[in-house]
Amino acid sequence: MTTGEGAEASPGQLVLVATPIGNLGDLSDRAREVLSSADLICCEDTRRTRALLSACGISAKGATGDRLLSVHEHNESGRVAAVLRCLVGGGTVAVVTDAGMPGISDPGSLLVEAVAEAGHQVSVVPGPTSVIAALVVSGLPTERFCVEGFLPRKGGERRDRMRIVMTDERTTVLLEAPGRLAATLADLAEIDPARRVAVVRELTKVHEEVWRGRVDVAATEWAAREVRGEVVLVVEGAAPAGPVSSEDIEAAVREWLASGVGDGPRQIAEALSDSLGVARRQVYETVLRVRSESA
């Protein structure tokens with residue numbers, strides 16, 4: 001049972017249920033039991049969840065009608081009241097997404113926060129998740145890793161996030177749309193062409209594929225292919241860095257300014273301090289000094 005400090009749990013229960021990322025055989029017996037008995041099922045796409053339930057012989061209907069309630073990234077906060085009403089009455093609310101574990105680059109976390117704050121029980125039925133599945137088959141270190149989800153599509157935010165990913169010493173798991181995979185690999189290759197990556201596609205499905213190798217080779221390979229299906233990209237962590245000197249900071253600042261991308265001193269300091277692992281003030285002062293020398 002999970003409750004907040006000083007809170008008393010109610011009879012109602014929110015259950016996060018992991019659903020198959022491809023192979024229906026991965027739905028656990030416990031998941032079937034929860035989905036069969038839940039008073040309400042919050043789902044990302046009611047059509048996909050209805051199809052899943054039908055394939056598993058589970059009815060979407062309950063004693064009072066349809067049990068499915070759409071909860072997606074655009075309406076999750078607005079669904080909290082309906083979920084709490086069900087829980088206050090002692091009901092069980094299951095939460096699923098289109099595939100995998102709710103809350104991991106999918107809706108679910110806002111519901112958990114609201115339900116836990118209200119003092120209701122929150123539990124989980126663990127199971128399939130593309131993030132962990134891709135990580136463990138990647139052949140890359142798994143002792144320390146982070147999940148970045150989807151990168152920004154363009155602009156300075158994307159560039160800054162890529163720099164952070166490629167300077168992180170942990171293995172990084174990225175999610176990517178098929179149509180943007182080649183561009184993302186090319187961008188990563190510009191930063192460190194020798195970095196190892198794994199491109200994991202269509203996990204647990206008939207055409208499951210795991211490609212492993214250098215990111216520059218991956219960029220060439222996948223640019224020449226038509227990419228289909230769900231893609232997870234696993235990126236090797238950066239080699240441990242030694243102490244960052246003032247010369248290193250100045251070189252990074254000069255490289256940034258020479259790129260002609262722009263950004264003010266504070267934005268540059270924020271981005272470079274994260275990637276270099278140094279204080280923002282130190283980078284900020286370096287930017288001001290280099291700019292004044294060039295004026």
# chains A, B, ... in the order shown; residues from 1 in each chain; ligands from 1
$ residues_around --residues "stretch 243-258 of chain A" --least-positions-apart "2" --cutoff "8 Å" --atoms "only C-alpha atoms" --output "ChimeraX atom specification"
/A:241,260-262,268,272,276-278,283,286-287,290
$ residues_around --residues "A:Pro141" --least-positions-apart "4" --cutoff "10 Å" --atoms "only C-alpha atoms" --output "PDB file with C-alpha atoms, in the first residue's frame"
ATOM      1  CA  LEU A 135      18.274  -1.481 -22.900  1.00  0.00           C
ATOM      2  CA  VAL A 136      18.909  -5.102 -21.958  1.00  0.00           C
ATOM      3  CA  PHE A 145      21.271   4.527 -17.397  1.00  0.00           C
ATOM      4  CA  ARG A 170      25.354   6.838 -18.383  1.00  0.00           C
ATOM      5  CA  THR A 171      23.760   4.786 -21.142  1.00  0.00           C
ATOM      6  CA  THR A 172      20.868   6.823 -22.552  1.00  0.00           C
ATOM      7  CA  VAL A 235      23.273   5.388 -26.810  1.00  0.00           C
ATOM      8  CA  GLU A 236      26.530   4.465 -25.100  1.00  0.00           C
ATOM      9  CA  GLY A 237      27.604   6.779 -22.305  1.00  0.00           C
TER      10      GLY A 237
END
$ closest_residue --among "A:Glu157, A:Asp98, A:Asp168, A:Glu208" --to "A:Ala239" --atoms "only C-alpha atoms"
A:Asp168
$ atom_distance --atom1 "atom CA of A:Asp26" --atom2 "atom CA of A:Gly229"
18.4 Å
$ closest_residue --among "A:Leu53, A:Val200, A:Ala219, A:Ala18" --to "A:Leu68" --atoms "only C-alpha atoms"
A:Leu53
$ residues_around --residues "stretch 92-95 of chain A" --least-positions-apart "3" --cutoff "7 Å" --atoms "only C-alpha atoms" --output "list in words"
Gly12, Gln13, Leu14, Val15, Leu16, Val17, Leu35, Ala38, Asp39, Leu40, Ile41, Cys42, Cys43, Leu87 and Pro102 of chain A
$ residues_around --residues "A:Ala186" --least-positions-apart "4" --cutoff "7 Å" --atoms "only C-alpha atoms" --output "VMD selection string"
chain A and resid 182 190 216 219
$ write_last_selection --atoms "all heavy atoms" --output "compact mmCIF listing (two decimals), in the first residue's frame"
# COMPACT_ATOMS: atom_id res chain seq x y z
N ALA A 182 16.85 8.62 -38.91
CA ALA A 182 18.08 8.89 -39.64
C ALA A 182 18.66 10.26 -39.27
O ALA A 182 19.87 10.41 -39.10
CB ALA A 182 17.83 8.81 -41.15
N GLU A 190 27.57 13.66 -35.61
CA GLU A 190 28.35 14.90 -35.73
C GLU A 190 29.08 15.22 -34.43
O GLU A 190 30.16 15.80 -34.43
CB GLU A 190 27.43 16.06 -36.11
CG GLU A 190 26.99 16.06 -37.56
CD GLU A 190 26.23 17.33 -37.91
OE1 GLU A 190 26.20 18.25 -37.07
OE2 GLU A 190 25.69 17.40 -39.02
N ASP A 216 28.09 6.65 -36.48
CA ASP A 216 28.27 7.15 -37.85
C ASP A 216 27.87 6.10 -38.88
O ASP A 216 27.27 6.42 -39.92
CB ASP A 216 29.70 7.64 -38.09
CG ASP A 216 30.75 6.57 -37.80
OD1 ASP A 216 30.42 5.50 -37.25
OD2 ASP A 216 31.93 6.82 -38.14
N ALA A 219 24.08 5.96 -38.90
CA ALA A 219 23.47 7.07 -39.63
C ALA A 219 23.40 6.76 -41.13
O ALA A 219 22.39 7.01 -41.79
CB ALA A 219 24.27 8.35 -39.39
$ atom_distance --atom1 "atom CA of A:Ala31" --atom2 "atom CA of A:Arg144"
28.9 Å
$ select_by_dssp --residues "stretch 146-223 of chain A" --states "alpha helix (DSSP H)" --output "number ranges by chain"
A: 155-167, 181-191, 215-223
$ atom_distance --atom1 "atom CA of A:Pro20" --atom2 "atom CA of A:Glu117"
29.1 Å
$ closest_atom_pairs --of "stretch 143-185 of chain A" --to "stretch 124-133 of chain A" --cutoff "10 Å" --atoms "only C-alpha atoms" --output "JSON lines"
{"residue": "A:Cys146", "atom": "CA", "partner": "A:Val131", "partner_atom": "CA", "distance": 9.8}
{"residue": "A:Val147", "atom": "CA", "partner": "A:Val131", "partner_atom": "CA", "distance": 7.6}
{"residue": "A:Gly149", "atom": "CA", "partner": "A:Val131", "partner_atom": "CA", "distance": 8.8}
{"residue": "A:Thr172", "atom": "CA", "partner": "A:Val131", "partner_atom": "CA", "distance": 10.0}
{"residue": "A:Val173", "atom": "CA", "partner": "A:Val131", "partner_atom": "CA", "distance": 6.7}
{"residue": "A:Leu174", "atom": "CA", "partner": "A:Val131", "partner_atom": "CA", "distance": 8.2}
{"residue": "A:Leu175", "atom": "CA", "partner": "A:Val131", "partner_atom": "CA", "distance": 8.2}
$ select_by_dssp --residues "stretch 92-124 of chain A" --states "strand (DSSP E or B)" --output "list in words"
Thr92, Val93, Ala94, Val95, Val96, Gly100, Gln121, Val122, Ser123 and Val124 of chain A
$ residues_around --residues "A:Val227" --least-positions-apart "3" --cutoff "10 Å" --atoms "only C-alpha atoms" --output "number ranges by chain"
A: 177-182, 201, 222-224, 230-231
$ write_last_selection --atoms "N, CA and C atoms" --output "tab-separated table (two decimals), in the first residue's frame"
chain	number	residue	atom	x	y	z
A	177	ALA	N	10.61	8.59	-33.57
A	177	ALA	CA	9.66	8.24	-34.64
A	177	ALA	C	10.44	7.70	-35.83
A	178	PRO	N	9.88	6.73	-36.56
A	178	PRO	CA	10.61	6.14	-37.70
A	178	PRO	C	11.12	7.18	-38.69
A	179	GLY	N	10.31	8.18	-38.98
A	179	GLY	CA	10.70	9.17	-39.97
A	179	GLY	C	11.81	10.11	-39.54
A	180	ARG	N	12.11	10.16	-38.22
A	180	ARG	CA	13.17	11.05	-37.74
A	180	ARG	C	14.41	10.31	-37.29
A	181	LEU	N	14.41	8.98	-37.38
A	181	LEU	CA	15.54	8.19	-36.89
A	181	LEU	C	16.84	8.57	-37.58
A	182	ALA	N	16.85	8.62	-38.91
A	182	ALA	CA	18.08	8.89	-39.64
A	182	ALA	C	18.66	10.26	-39.27
A	201	ARG	N	14.13	-2.08	-32.99
A	201	ARG	CA	12.88	-1.82	-33.73
A	201	ARG	C	11.90	-2.97	-33.60
A	222	TRP	N	20.82	3.59	-41.72
A	222	TRP	CA	19.39	3.83	-41.59
A	222	TRP	C	18.89	4.94	-42.49
A	223	ALA	N	19.80	5.76	-43.02
A	223	ALA	CA	19.38	6.77	-44.00
A	223	ALA	C	18.98	6.11	-45.32
A	224	ALA	N	19.52	4.92	-45.55
A	224	ALA	CA	19.26	4.22	-46.81
A	224	ALA	C	18.09	3.25	-46.70
A	230	GLU	N	7.80	0.88	-34.24
A	230	GLU	CA	8.30	1.61	-33.08
A	230	GLU	C	9.81	1.45	-32.97
A	231	VAL	N	10.49	2.56	-32.64
A	231	VAL	CA	11.96	2.55	-32.57
A	231	VAL	C	12.43	3.06	-31.21
$ closest_residue --among "A:Gln282, A:Ser28, A:Ser275, A:Ser59" --to "A:Met166" --atoms "only C-alpha atoms"
A:Ser275
$ residues_around --residues "A:Leu110" --least-positions-apart "4" --cutoff "12 Å" --atoms "only C-alpha atoms" --output "list in words"
Val71, His72, Glu73, His74, Asn75, Glu76, Ser77, Gly78, Arg79, Val80, Ala81, Val83, Val95, Pro102, Gly103, Ile104, Asp106, Ala114, Val115, Ala116 and Glu117 of chain A
$ write_last_selection --atoms "N, CA and C atoms" --output "JSON list (two decimals), in the first residue's frame"
[["chain", "number", "residue", "atom", "x", "y", "z"],
["A", 71, "VAL", "N", -7.75, 8.80, -21.54],
["A", 71, "VAL", "CA", -6.84, 9.66, -20.77],
["A", 71, "VAL", "C", -5.54, 9.74, -21.55],
["A", 72, "HIS", "N", -5.29, 10.90, -22.17],
["A", 72, "HIS", "CA", -4.09, 11.07, -22.98],
["A", 72, "HIS", "C", -3.38, 12.37, -22.58],
["A", 73, "GLU", "N", -2.30, 12.68, -23.27],
["A", 73, "GLU", "CA", -1.47, 13.81, -22.87],
["A", 73, "GLU", "C", -2.20, 15.14, -22.88],
["A", 74, "HIS", "N", -3.27, 15.25, -23.65],
["A", 74, "HIS", "CA", -3.97, 16.53, -23.76],
["A", 74, "HIS", "C", -5.12, 16.69, -22.76],
["A", 75, "ASN", "N", -5.54, 15.60, -22.12],
["A", 75, "ASN", "CA", -6.69, 15.73, -21.22],
["A", 75, "ASN", "C", -6.49, 15.09, -19.85],
["A", 76, "GLU", "N", -5.26, 14.62, -19.56],
["A", 76, "GLU", "CA", -5.03, 13.87, -18.32],
["A", 76, "GLU", "C", -5.44, 14.65, -17.07],
["A", 77, "SER", "N", -5.04, 15.92, -16.99],
["A", 77, "SER", "CA", -5.38, 16.70, -15.80],
["A", 77, "SER", "C", -6.88, 16.86, -15.65],
["A", 78, "GLY", "N", -7.59, 16.93, -16.77],
["A", 78, "GLY", "CA", -9.03, 17.09, -16.72],
["A", 78, "GLY", "C", -9.78, 15.83, -16.35],
["A", 79, "ARG", "N", -9.11, 14.69, -16.36],
["A", 79, "ARG", "CA", -9.76, 13.42, -16.00],
["A", 79, "ARG", "C", -9.61, 13.06, -14.53],
["A", 80, "VAL", "N", -8.82, 13.84, -13.81],
["A", 80, "VAL", "CA", -8.55, 13.52, -12.40],
["A", 80, "VAL", "C", -9.84, 13.45, -11.59],
["A", 81, "ALA", "N", -10.75, 14.39, -11.79],
["A", 81, "ALA", "CA", -11.98, 14.43, -11.01],
["A", 81, "ALA", "C", -12.80, 13.15, -11.18],
["A", 83, "VAL", "N", -11.74, 10.19, -12.04],
["A", 83, "VAL", "CA", -11.03, 9.08, -11.40],
["A", 83, "VAL", "C", -11.23, 9.12, -9.90],
["A", 95, "VAL", "N", -5.16, 1.77, -15.10],
["A", 95, "VAL", "CA", -4.59, 2.72, -16.05],
["A", 95, "VAL", "C", -3.69, 1.97, -17.02],
["A", 102, "PRO", "N", 2.42, 2.63, -18.16],
["A", 102, "PRO", "CA", 1.91, 3.99, -18.01],
["A", 102, "PRO", "C", 2.89, 4.86, -17.22],
["A", 103, "GLY", "N", 3.02, 6.12, -17.66],
["A", 103, "GLY", "CA", 3.90, 7.05, -16.96],
["A", 103, "GLY", "C", 5.30, 7.12, -17.52],
["A", 104, "ILE", "N", 5.71, 6.16, -18.33],
["A", 104, "ILE", "CA", 7.03, 6.18, -18.95],
["A", 104, "ILE", "C", 6.89, 6.68, -20.38],
["A", 106, "ASP", "N", 4.59, 8.25, -21.44],
["A", 106, "ASP", "CA", 3.16, 8.07, -21.72],
["A", 106, "ASP", "C", 2.37, 8.68, -20.56],
["A", 114, "ALA", "N", -2.06, 12.95, -8.30],
["A", 114, "ALA", "CA", -3.33, 13.43, -7.74],
["A", 114, "ALA", "C", -3.97, 12.39, -6.82],
["A", 115, "VAL", "N", -3.94, 11.14, -7.24],
["A", 115, "VAL", "CA", -4.57, 10.07, -6.45],
["A", 115, "VAL", "C", -3.82, 9.85, -5.14],
["A", 116, "ALA", "N", -2.49, 9.84, -5.20],
["A", 116, "ALA", "CA", -1.70, 9.65, -3.99],
["A", 116, "ALA", "C", -1.90, 10.82, -3.02],
["A", 117, "GLU", "N", -1.95, 12.03, -3.56],
["A", 117, "GLU", "CA", -2.16, 13.21, -2.72],
["A", 117, "GLU", "C", -3.51, 13.17, -2.03]]
$ residues_around --residues "A:Arg280" --least-positions-apart "5" --cutoff "6 Å" --atoms "only C-alpha atoms" --output "ChimeraX atom specification"
/A:269-270,273
